[in-house]
>>> print(open('upload-v1.cif').read())   # mmCIF, C-alpha atoms
data_model
#
loop_
_atom_site.label_atom_id
_atom_site.label_comp_id
_atom_site.auth_asym_id
_atom_site.auth_seq_id
_atom_site.Cartn_x
_atom_site.Cartn_y
_atom_site.Cartn_z
CA MET A 289 -3.39 211.58 -83.03
CA GLU A 290 -6.08 214.13 -82.26
CA THR A 291 -6.65 214.76 -78.55
CA PRO A 292 -10.29 214.03 -77.58
CA ALA A 293 -12.35 216.93 -76.26
CA PRO A 294 -12.53 217.04 -72.45
CA HIS A 295 -15.78 215.79 -70.92
CA ARG A 296 -18.03 218.54 -69.58
CA ALA A 297 -20.89 218.20 -67.12
CA GLY A 298 -22.97 220.52 -65.00
CA PHE A 299 -26.28 221.58 -63.55
CA ILE A 300 -28.52 223.76 -65.70
CA ASN A 301 -31.31 225.18 -63.58
CA ILE A 302 -34.42 226.75 -65.10
CA ILE A 303 -36.13 229.48 -63.09
CA GLY A 304 -38.76 232.13 -63.77
CA ARG A 305 -42.22 233.34 -62.88
CA PRO A 306 -45.19 230.92 -63.03
CA ASN A 307 -46.56 230.04 -66.46
CA VAL A 308 -43.71 231.38 -68.61
CA GLY A 309 -43.01 227.94 -70.12
CA LYS A 310 -40.35 226.38 -67.86
CA SER A 311 -41.81 222.88 -68.01
CA THR A 312 -42.30 223.11 -71.78
CA LEU A 313 -38.65 224.16 -72.12
CA MET A 314 -37.44 221.36 -69.83
CA ASN A 315 -39.37 218.71 -71.77
CA ALA A 316 -38.17 220.11 -75.11
CA MET A 317 -34.52 220.08 -74.03
CA VAL A 318 -34.68 216.58 -72.55
CA GLY A 319 -36.91 215.13 -75.27
CA GLU A 320 -39.34 213.54 -72.81
CA GLN A 321 -42.35 214.83 -70.87
CA LEU A 322 -40.92 214.83 -67.36
CA SER A 323 -42.68 217.95 -66.07
CA VAL A 324 -46.42 218.55 -65.84
CA ILE A 325 -47.59 221.08 -68.44
CA SER A 326 -50.77 223.06 -67.88
CA PRO A 327 -52.06 226.52 -68.83
CA LYS A 328 -52.71 227.02 -65.10
CA ALA A 329 -49.96 228.70 -63.05
CA GLN A 330 -47.99 226.95 -60.30
CA THR A 331 -48.31 223.50 -61.86
CA THR A 332 -44.76 222.40 -61.00
CA ARG A 333 -44.26 221.86 -57.25
CA HIS A 334 -41.01 219.89 -57.02
CA ARG A 335 -37.57 220.26 -58.49
CA ILE A 336 -37.31 217.73 -61.32
CA LEU A 337 -34.03 216.69 -62.94
CA GLY A 338 -33.73 215.60 -66.57
CA LEU A 339 -30.50 214.37 -68.16
CA VAL A 340 -29.16 215.02 -71.66
CA ASN A 341 -26.07 212.98 -72.56
CA GLY A 342 -23.58 213.36 -75.38
CA ALA A 343 -20.27 211.65 -76.04
CA ASP A 344 -18.35 214.44 -74.30
CA TYR A 345 -20.97 216.12 -72.10
CA GLN A 346 -23.78 215.54 -69.60
CA LEU A 347 -26.40 218.24 -69.00
CA VAL A 348 -28.37 217.96 -65.78
CA PHE A 349 -31.46 220.11 -66.33
CA SER A 350 -33.56 221.14 -63.35
CA ASP A 351 -37.15 222.38 -63.70
CA THR A 352 -38.25 224.41 -60.68
CA PRO A 353 -41.59 225.80 -59.44
CA GLY A 354 -42.49 229.30 -60.56
CA ILE A 355 -41.24 232.08 -58.26
CA ILE A 356 -44.13 233.12 -56.00
CA ARG A 357 -43.70 236.67 -54.76
CA GLU A 358 -46.31 236.50 -52.00
CA PRO A 359 -46.54 232.89 -50.74
CA GLN A 360 -49.91 232.21 -49.10
CA TYR A 361 -49.33 228.65 -47.90
CA GLY A 362 -46.54 226.58 -46.40
CA LEU A 363 -46.56 224.75 -49.73
CA HIS A 364 -45.68 227.98 -51.54
CA LYS A 365 -42.77 228.61 -49.16
CA ALA A 366 -41.45 225.11 -49.82
CA MET A 367 -41.74 225.69 -53.58
CA ASN A 368 -39.78 228.94 -53.28
CA GLU A 369 -37.13 227.05 -51.28
CA PHE A 370 -36.62 224.73 -54.25
CA VAL A 371 -36.00 227.84 -56.37
CA ARG A 372 -33.54 229.30 -53.83
CA THR A 373 -31.41 226.16 -53.75
CA SER A 374 -31.37 226.11 -57.55
CA LEU A 375 -29.60 229.50 -57.50
CA GLU A 376 -26.87 228.07 -55.29
CA ASP A 377 -25.95 224.88 -57.16
CA ALA A 378 -26.28 225.98 -60.79
CA ASP A 379 -23.38 225.91 -63.23
CA VAL A 380 -25.61 227.57 -65.83
CA LEU A 381 -28.77 229.43 -64.82
CA LEU A 382 -31.55 229.77 -67.40
CA PHE A 383 -33.84 232.63 -66.47
CA LEU A 384 -36.97 232.18 -68.54
CA THR A 385 -39.20 235.12 -69.29
CA GLU A 386 -41.67 235.82 -72.10
CA ILE A 387 -42.67 238.60 -74.45
CA TYR A 388 -45.41 239.74 -72.06
CA GLU A 389 -42.92 240.50 -69.24
CA HIS A 390 -40.57 243.48 -69.02
CA PRO A 391 -37.46 243.84 -66.80
CA ASN A 392 -39.14 246.72 -64.95
CA ASP A 393 -41.84 244.30 -63.76
CA LEU A 394 -39.28 241.93 -62.22
CA ALA A 395 -36.91 244.32 -60.44
CA ASP A 396 -37.07 242.44 -57.11
CA ILE A 397 -36.29 239.09 -58.73
CA LEU A 398 -33.49 240.52 -60.85
CA GLN A 399 -31.88 242.03 -57.77
CA SER A 400 -31.59 238.55 -56.24
CA LEU A 401 -29.83 237.26 -59.39
CA LYS A 402 -26.98 239.77 -59.28
CA ALA A 403 -25.06 237.82 -56.64
CA VAL A 404 -25.44 234.47 -58.44
CA GLU A 405 -22.01 233.33 -59.65
CA ALA A 406 -23.24 230.88 -62.30
CA LYS A 407 -23.29 231.75 -65.98
CA LYS A 408 -26.70 233.33 -66.58
CA LEU A 409 -28.63 233.05 -69.84
CA LEU A 410 -31.85 235.02 -70.33
CA LEU A 411 -34.27 233.10 -72.53
CA LEU A 412 -36.98 235.30 -74.02
CA ASN A 413 -39.77 232.81 -74.66
CA LYS A 414 -42.84 232.86 -76.92
CA VAL A 415 -41.21 235.07 -79.57
CA ASP A 416 -43.43 233.34 -82.13
CA GLN A 417 -46.25 235.44 -80.62
CA ALA A 418 -44.37 238.75 -80.76
CA LYS A 419 -45.77 241.51 -82.95
CA GLY A 420 -43.93 244.42 -84.55
CA ASP A 421 -40.69 245.39 -82.79
CA ARG A 422 -41.64 243.75 -79.48
CA GLU A 423 -38.94 241.06 -79.65
CA ALA A 424 -36.12 243.49 -80.50
CA GLU A 425 -37.25 246.01 -77.86
CA LEU A 426 -37.39 243.40 -75.11
CA LYS A 427 -34.06 241.86 -76.10
CA ALA A 428 -32.44 245.30 -75.82
CA ALA A 429 -34.14 245.96 -72.46
CA TRP A 430 -32.91 242.66 -70.99
CA GLU A 431 -29.39 243.21 -72.29
CA ALA A 432 -29.40 246.67 -70.68
CA THR A 433 -29.84 245.14 -67.20
CA GLY A 434 -26.22 243.94 -67.40
CA ILE A 435 -27.09 240.81 -65.41
CA PHE A 436 -27.02 238.14 -68.11
CA ASP A 437 -24.15 236.71 -70.15
CA LYS A 438 -26.44 236.26 -73.14
CA VAL A 439 -30.04 237.08 -74.13
CA LEU A 440 -31.53 234.43 -76.44
CA PRO A 441 -34.98 234.71 -78.09
CA ILE A 442 -36.73 231.31 -78.23
CA SER A 443 -40.04 229.52 -78.54
CA ALA A 444 -39.97 226.46 -76.29
CA LEU A 445 -43.25 225.23 -77.77
CA GLU A 446 -42.14 225.61 -81.41
CA GLY A 447 -38.50 224.64 -80.79
CA LEU A 448 -37.17 227.96 -82.10
CA GLY A 449 -33.69 228.91 -80.91
CA LEU A 450 -33.16 225.79 -78.78
CA ASN A 451 -30.12 224.60 -80.74
CA GLU A 452 -28.36 227.85 -79.88
CA VAL A 453 -29.40 227.50 -76.24
CA MET A 454 -27.83 224.02 -76.20
CA ARG A 455 -24.64 225.33 -77.80
CA GLN A 456 -24.34 228.12 -75.25
CA ILE A 457 -24.95 225.75 -72.33
CA VAL A 458 -22.27 223.25 -73.41
CA ALA A 459 -19.78 226.10 -73.96
CA HIS A 460 -20.29 227.31 -70.39
CA LEU A 461 -20.08 223.92 -68.66
CA PRO A 462 -17.06 223.09 -66.49
CA VAL A 463 -14.79 220.16 -67.35
CA SER A 464 -16.13 217.30 -65.24
CA PRO A 465 -16.97 213.60 -65.38
CA PRO A 466 -20.71 212.76 -65.59
CA TYR A 467 -22.72 213.02 -62.38
CA TYR A 468 -25.16 210.24 -63.32
CA PRO A 469 -24.94 207.05 -65.40
CA LYS A 470 -25.13 207.95 -69.09
CA ASP A 471 -28.15 205.70 -69.72
CA GLU A 472 -30.36 207.49 -67.17
CA LEU A 473 -33.01 210.07 -68.06
CA THR A 474 -33.82 211.46 -64.61
CA ASP A 475 -33.04 211.04 -60.92
CA ARG A 476 -36.70 210.45 -60.05
CA PRO A 477 -38.29 206.97 -59.73
CA GLU A 478 -41.15 205.83 -61.96
CA ARG A 479 -43.70 206.16 -59.16
CA PHE A 480 -42.92 209.90 -58.89
CA PHE A 481 -43.83 210.42 -62.56
CA VAL A 482 -46.92 208.25 -62.22
CA ALA A 483 -48.15 210.57 -59.46
CA GLU A 484 -47.27 213.59 -61.62
CA ILE A 485 -49.28 212.16 -64.52
CA ILE A 486 -52.37 211.92 -62.30
CA ARG A 487 -51.79 215.43 -60.96
CA GLY A 488 -51.48 216.71 -64.51
CA LYS A 489 -54.87 215.21 -65.40
CA ILE A 490 -56.38 216.88 -62.34
CA PHE A 491 -55.11 220.25 -63.59
CA THR A 492 -56.64 219.49 -66.99
CA ASN A 493 -60.06 218.33 -65.78
CA TYR A 494 -60.88 220.59 -62.82
CA SER A 495 -61.11 224.35 -62.43
CA LYS A 496 -60.79 227.04 -59.78
CA GLU A 497 -59.22 225.85 -56.50
CA ILE A 498 -59.45 222.08 -56.96
CA PRO A 499 -56.12 221.53 -58.81
CA TYR A 500 -54.24 223.55 -56.19
CA CYS A 501 -55.75 221.90 -53.12
CA THR A 502 -55.02 218.34 -54.30
CA GLU A 503 -51.93 216.17 -53.93
CA VAL A 504 -51.32 212.67 -55.27
CA VAL A 505 -49.56 209.86 -53.39
CA ILE A 506 -48.81 206.42 -54.84
CA ASP A 507 -49.79 203.81 -52.25
CA SER A 508 -48.51 200.81 -54.20
CA PHE A 509 -46.64 200.19 -57.44
CA LYS A 510 -46.30 196.52 -58.36
CA ASP A 511 -44.73 195.18 -61.55
CA GLU A 512 -46.13 191.84 -62.68
CA PRO A 513 -45.10 189.91 -65.82
CA ASP A 514 -47.81 191.38 -68.05
CA ILE A 515 -49.05 194.45 -66.15
CA THR A 516 -48.17 197.10 -63.58
CA ARG A 517 -50.71 197.54 -60.79
CA ILE A 518 -50.88 201.03 -59.28
CA SER A 519 -52.92 202.29 -56.37
CA ALA A 520 -53.06 206.05 -55.85
CA VAL A 521 -54.62 208.40 -53.30
CA ILE A 522 -55.78 211.91 -54.21
CA PHE A 523 -55.75 214.10 -51.12
CA VAL A 524 -58.00 217.16 -50.83
CA GLU A 525 -58.13 219.81 -48.10
CA ARG A 526 -61.80 219.82 -47.19
CA GLN A 527 -64.66 217.33 -47.07
CA SER A 528 -66.67 219.51 -49.46
CA GLN A 529 -64.02 219.07 -52.15
CA LYS A 530 -64.19 215.28 -52.16
CA PRO A 531 -67.50 214.93 -54.06
CA ILE A 532 -66.32 217.51 -56.60
CA VAL A 533 -63.25 215.43 -57.39
CA ILE A 534 -65.27 212.21 -57.57
CA GLY A 535 -68.08 213.71 -59.66
CA LYS A 536 -71.63 212.49 -60.19
CA GLY A 537 -71.61 208.72 -60.08
CA GLY A 538 -67.81 208.85 -60.10
CA ASP A 539 -67.70 210.21 -63.66
CA LYS A 540 -65.01 212.88 -63.07
CA LEU A 541 -62.67 210.52 -61.26
CA LYS A 542 -63.20 207.85 -63.90
CA LYS A 543 -62.26 210.32 -66.67
CA VAL A 544 -59.09 211.34 -64.82
CA GLY A 545 -58.23 207.68 -64.26
CA THR A 546 -58.71 206.70 -67.89
CA GLU A 547 -56.62 209.58 -69.21
CA ALA A 548 -53.90 208.97 -66.61
CA ARG A 549 -53.76 205.23 -67.28
CA LEU A 550 -53.33 205.73 -71.03
CA GLU A 551 -50.48 208.19 -70.48
CA MET A 552 -48.87 205.88 -67.90
CA GLU A 553 -48.94 202.99 -70.37
CA GLU A 554 -47.16 205.16 -72.95
CA PHE A 555 -44.63 206.39 -70.38
CA LEU A 556 -43.92 202.97 -68.83
CA GLY A 557 -44.22 201.00 -72.06
CA ARG A 558 -46.55 198.35 -70.58
CA LYS A 559 -50.14 197.72 -69.52
CA VAL A 560 -51.34 199.45 -66.37
CA PHE A 561 -54.14 198.69 -63.92
CA LEU A 562 -54.91 201.89 -62.00
CA GLU A 563 -57.15 202.38 -59.00
CA MET A 564 -57.62 205.73 -57.27
CA PHE A 565 -59.14 206.86 -53.99
CA VAL A 566 -59.99 210.34 -52.71
CA LYS A 567 -59.23 211.18 -49.08
CA VAL A 568 -59.33 214.34 -46.96
CA LYS A 569 -56.20 215.77 -45.30
CA GLU A 570 -57.39 218.94 -43.60
CA ASN A 571 -55.31 222.03 -44.43
CA TRP A 572 -52.42 219.94 -45.83
CA ARG A 573 -50.88 222.91 -47.65
CA ASN A 574 -50.11 224.59 -44.31
CA ASP A 575 -49.25 221.61 -42.11
CA PRO A 576 -45.42 221.24 -41.84
CA ARG A 577 -45.65 217.58 -40.79
CA ILE A 578 -47.86 216.61 -43.73
CA LEU A 579 -45.83 218.72 -46.16
CA LYS A 580 -42.61 217.01 -45.08
CA GLY A 581 -44.23 213.62 -45.63
CA LEU A 582 -45.14 214.74 -49.15
CA GLY A 583 -41.57 215.81 -49.93
CA TYR A 584 -41.79 219.53 -49.05
CA ASP A 585 -39.41 220.34 -46.20
CA LEU A 586 -39.93 223.74 -44.53
CA SER A 587 -37.15 223.29 -41.96
CA LYS A 588 -34.33 224.49 -44.23
#
>>> encode(input="upload-v1.cif", output="structure tokens")
Amino acid sequence: METPAPHRAGFINIIGRPNVGKSTLMNAMVGEQLSVISPKAQTTRHRILGLVNGADYQLVFSDTPGIIREPQYGLHKAMNEFVRTSLEDADVLLFLTEIYEHPNDLADILQSLKAVEAKKLLLLNKVDQAKGDREAELKAAWEATGIFDKVLPISALEGLGLNEVMRQIVAHLPVSPPYYPKDELTDRPERFFVAEIIRGKIFTNYSKEIPYCTEVVIDSFKDEPDITRISAVIFVERQSQKPIVIGKGGDKLKKVGTEARLEMEEFLGRKVFLEMFVKVKENWRNDPRILKGLGYDLSK
């Protein structure tokens, strides 16, 4: 009788600079949109886990905020802390870069990766946009750093190379029982993703500073037989930002609400009634007490 393959499980943490495609990669690997995707940098603020289960493996993917070299707010420091902890608890570290970055531009970040004991895979993203010998030249340059166990060209958006990434990850996982029930998709509750959906629509519909100075909190989340009723608060930093978010006659807020509700209904698989309010929390990005209440702990 053939001996069954041992079960493997581990934490696969995705790190990289802002806007290189970490959230797109996470969603592609998990098969669900768990992370907010936006062309604007610094969209992801929390560490978000997504689970991929097979008969003999469990992959615990972790999407992290983009590495901010010069944090300007307490919020940025908290986001960098999420990245630091991801270096410590990874079984496999996915360092995501793109064809517009070169190892010479990231010397300080690469130095911090040398001491990381996890298996390290360099994923060279957006190769579908590479021209001429750019892909080959960058692959050789990343291999020459001597830091990574493997350099893999991919396109997270187009799905190119992701099967090989999956194969490499499973091969590097330790033998272990699953960390989470096999029928789970993530460790986050539904209300977390509901807030993230609203925040994603804010990034889509507003420009300049507005997306970065807002935070979304779910005040209530009530499941009824035929509908889920959700009440959310959008916090801004200054009184002058409040009318911008609301818009003339409430048109901007209504657009965000409609788009968010439709996505929530698809995500939750049921009808949603959504109401939103805009409130001012002065300087929330730099207030340790407020940040802790929002899930960003600066005390570590």
>>> residues_around(input="upload-v1.cif", residues="A:Ile515", least_positions_apart="4", cutoff="12 Å", atoms="all atoms listed in the file", output="PDB file with C-alpha atoms, keeping the file's coordinate frame")
ATOM      1  CA  PHE A 509     -46.640 200.190 -57.440  1.00  0.00           C
ATOM      2  CA  LYS A 510     -46.300 196.520 -58.360  1.00  0.00           C
ATOM      3  CA  ASP A 511     -44.730 195.180 -61.550  1.00  0.00           C
ATOM      4  CA  ARG A 549     -53.760 205.230 -67.280  1.00  0.00           C
ATOM      5  CA  MET A 552     -48.870 205.880 -67.900  1.00  0.00           C
ATOM      6  CA  GLU A 553     -48.940 202.990 -70.370  1.00  0.00           C
ATOM      7  CA  LEU A 556     -43.920 202.970 -68.830  1.00  0.00           C
ATOM      8  CA  GLY A 557     -44.220 201.000 -72.060  1.00  0.00           C
ATOM      9  CA  ARG A 558     -46.550 198.350 -70.580  1.00  0.00           C
ATOM     10  CA  LYS A 559     -50.140 197.720 -69.520  1.00  0.00           C
ATOM     11  CA  VAL A 560     -51.340 199.450 -66.370  1.00  0.00           C
ATOM     12  CA  PHE A 561     -54.140 198.690 -63.920  1.00  0.00           C
ATOM     13  CA  LEU A 562     -54.910 201.890 -62.000  1.00  0.00           C
TER      14      LEU A 562
END
>>> closest_residue(input="upload-v1.cif", among="A:Thr433, A:Asp379, A:Val318, A:Tyr500", to="A:Val463", atoms="only C-alpha atoms")
A:Asp379
>>> resolve_selection(input="upload-v1.cif", expression="the PyMOL selection byres ((chain A and resi 518-529) around 7)", output="PyMOL selection string")
chain A and resi 501-510+516-517+530-533+561-572
>>> closest_residue(input="upload-v1.cif", among="A:Gly342, A:Gly537, A:Gly545, A:Pro391", to="A:Pro469", atoms="all atoms listed in the file")
A:Gly342
>>> atom_distance(input="upload-v1.cif", atom1="atom CA of A:Glu484", atom2="atom CA of A:Glu551")
10.9 Å
>>> resolve_selection(input="upload-v1.cif", expression="the PyMOL selection byres ((chain A and resi 411) around 6)", output="ChimeraX atom specification")
/A:384,410,412-413,440-441
>>> closest_residue(input="upload-v1.cif", among="A:Arg487, A:Lys414, A:Asp377, A:Asn392", to="A:Val308", atoms="all atoms listed in the file")
A:Lys414
>>> closest_residue(input="upload-v1.cif", among="A:Ala406, A:Val482, A:Ile442, A:Leu347", to="A:Ile387", atoms="all atoms listed in the file")
A:Ile442
>>> atom_distance(input="upload-v1.cif", atom1="atom CA of A:Leu461", atom2="atom CA of A:Ser443")
23.0 Å
>>> atom_distance(input="upload-v1.cif", atom1="atom CA of A:Ala395", atom2="atom CA of A:Glu452")
26.9 Å
>>> residues_around(input="upload-v1.cif", residues="A:Val439", least_positions_apart="5", cutoff="12 Å", atoms="all atoms listed in the file", output="ChimeraX atom specification")
/A:382-386,407-413,423-424,426-434,449,452-453,456
>>> write_last_selection(input="upload-v1.cif", atoms="C-alpha atoms", output="PDB file, in the frame of the given file")
ATOM      1  CA  LEU A 382     -31.550 229.770 -67.400  1.00  0.00           C
ATOM      2  CA  PHE A 383     -33.840 232.630 -66.470  1.00  0.00           C
ATOM      3  CA  LEU A 384     -36.970 232.180 -68.540  1.00  0.00           C
ATOM      4  CA  THR A 385     -39.200 235.120 -69.290  1.00  0.00           C
ATOM      5  CA  GLU A 386     -41.670 235.820 -72.100  1.00  0.00           C
ATOM      6  CA  LYS A 407     -23.290 231.750 -65.980  1.00  0.00           C
ATOM      7  CA  LYS A 408     -26.700 233.330 -66.580  1.00  0.00           C
ATOM      8  CA  LEU A 409     -28.630 233.050 -69.840  1.00  0.00           C
ATOM      9  CA  LEU A 410     -31.850 235.020 -70.330  1.00  0.00           C
ATOM     10  CA  LEU A 411     -34.270 233.100 -72.530  1.00  0.00           C
ATOM     11  CA  LEU A 412     -36.980 235.300 -74.020  1.00  0.00           C
ATOM     12  CA  ASN A 413     -39.770 232.810 -74.660  1.00  0.00           C
ATOM     13  CA  GLU A 423     -38.940 241.060 -79.650  1.00  0.00           C
ATOM     14  CA  ALA A 424     -36.120 243.490 -80.500  1.00  0.00           C
ATOM     15  CA  LEU A 426     -37.390 243.400 -75.110  1.00  0.00           C
ATOM     16  CA  LYS A 427     -34.060 241.860 -76.100  1.00  0.00           C
ATOM     17  CA  ALA A 428     -32.440 245.300 -75.820  1.00  0.00           C
ATOM     18  CA  ALA A 429     -34.140 245.960 -72.460  1.00  0.00           C
ATOM     19  CA  TRP A 430     -32.910 242.660 -70.990  1.00  0.00           C
ATOM     20  CA  GLU A 431     -29.390 243.210 -72.290  1.00  0.00           C
ATOM     21  CA  ALA A 432     -29.400 246.670 -70.680  1.00  0.00           C
ATOM     22  CA  THR A 433     -29.840 245.140 -67.200  1.00  0.00           C
ATOM     23  CA  GLY A 434     -26.220 243.940 -67.400  1.00  0.00           C
ATOM     24  CA  GLY A 449     -33.690 228.910 -80.910  1.00  0.00           C
ATOM     25  CA  GLU A 452     -28.360 227.850 -79.880  1.00  0.00           C
ATOM     26  CA  VAL A 453     -29.400 227.500 -76.240  1.00  0.00           C
ATOM     27  CA  GLN A 456     -24.340 228.120 -75.250  1.00  0.00           C
TER      28      GLN A 456
END
>>> closest_residue(input="upload-v1.cif", among="A:Arg455, A:Arg305, A:Lys536, A:Lys580", to="A:His390", atoms="all atoms listed in the file")
A:Arg305
>>> closest_residue(input="upload-v1.cif", among="A:Gly309, A:Pro292, A:Gly488, A:Gly298", to="A:Glu446", atoms="all atoms listed in the file")
A:Gly309
>>> residues_around(input="upload-v1.cif", residues="A:Phe349", least_positions_apart="5", cutoff="7 Å", atoms="only C-alpha atoms", output="PyMOL selection string")
chain A and resi 299-301+337-339
>>> resolve_selection(input="upload-v1.cif", expression="the PyMOL selection byres ((chain A and resi 472-476) around 12)", output="PyMOL selection string")
chain A and resi 314-315+317-323+334-341+346-351+466-471+477-484
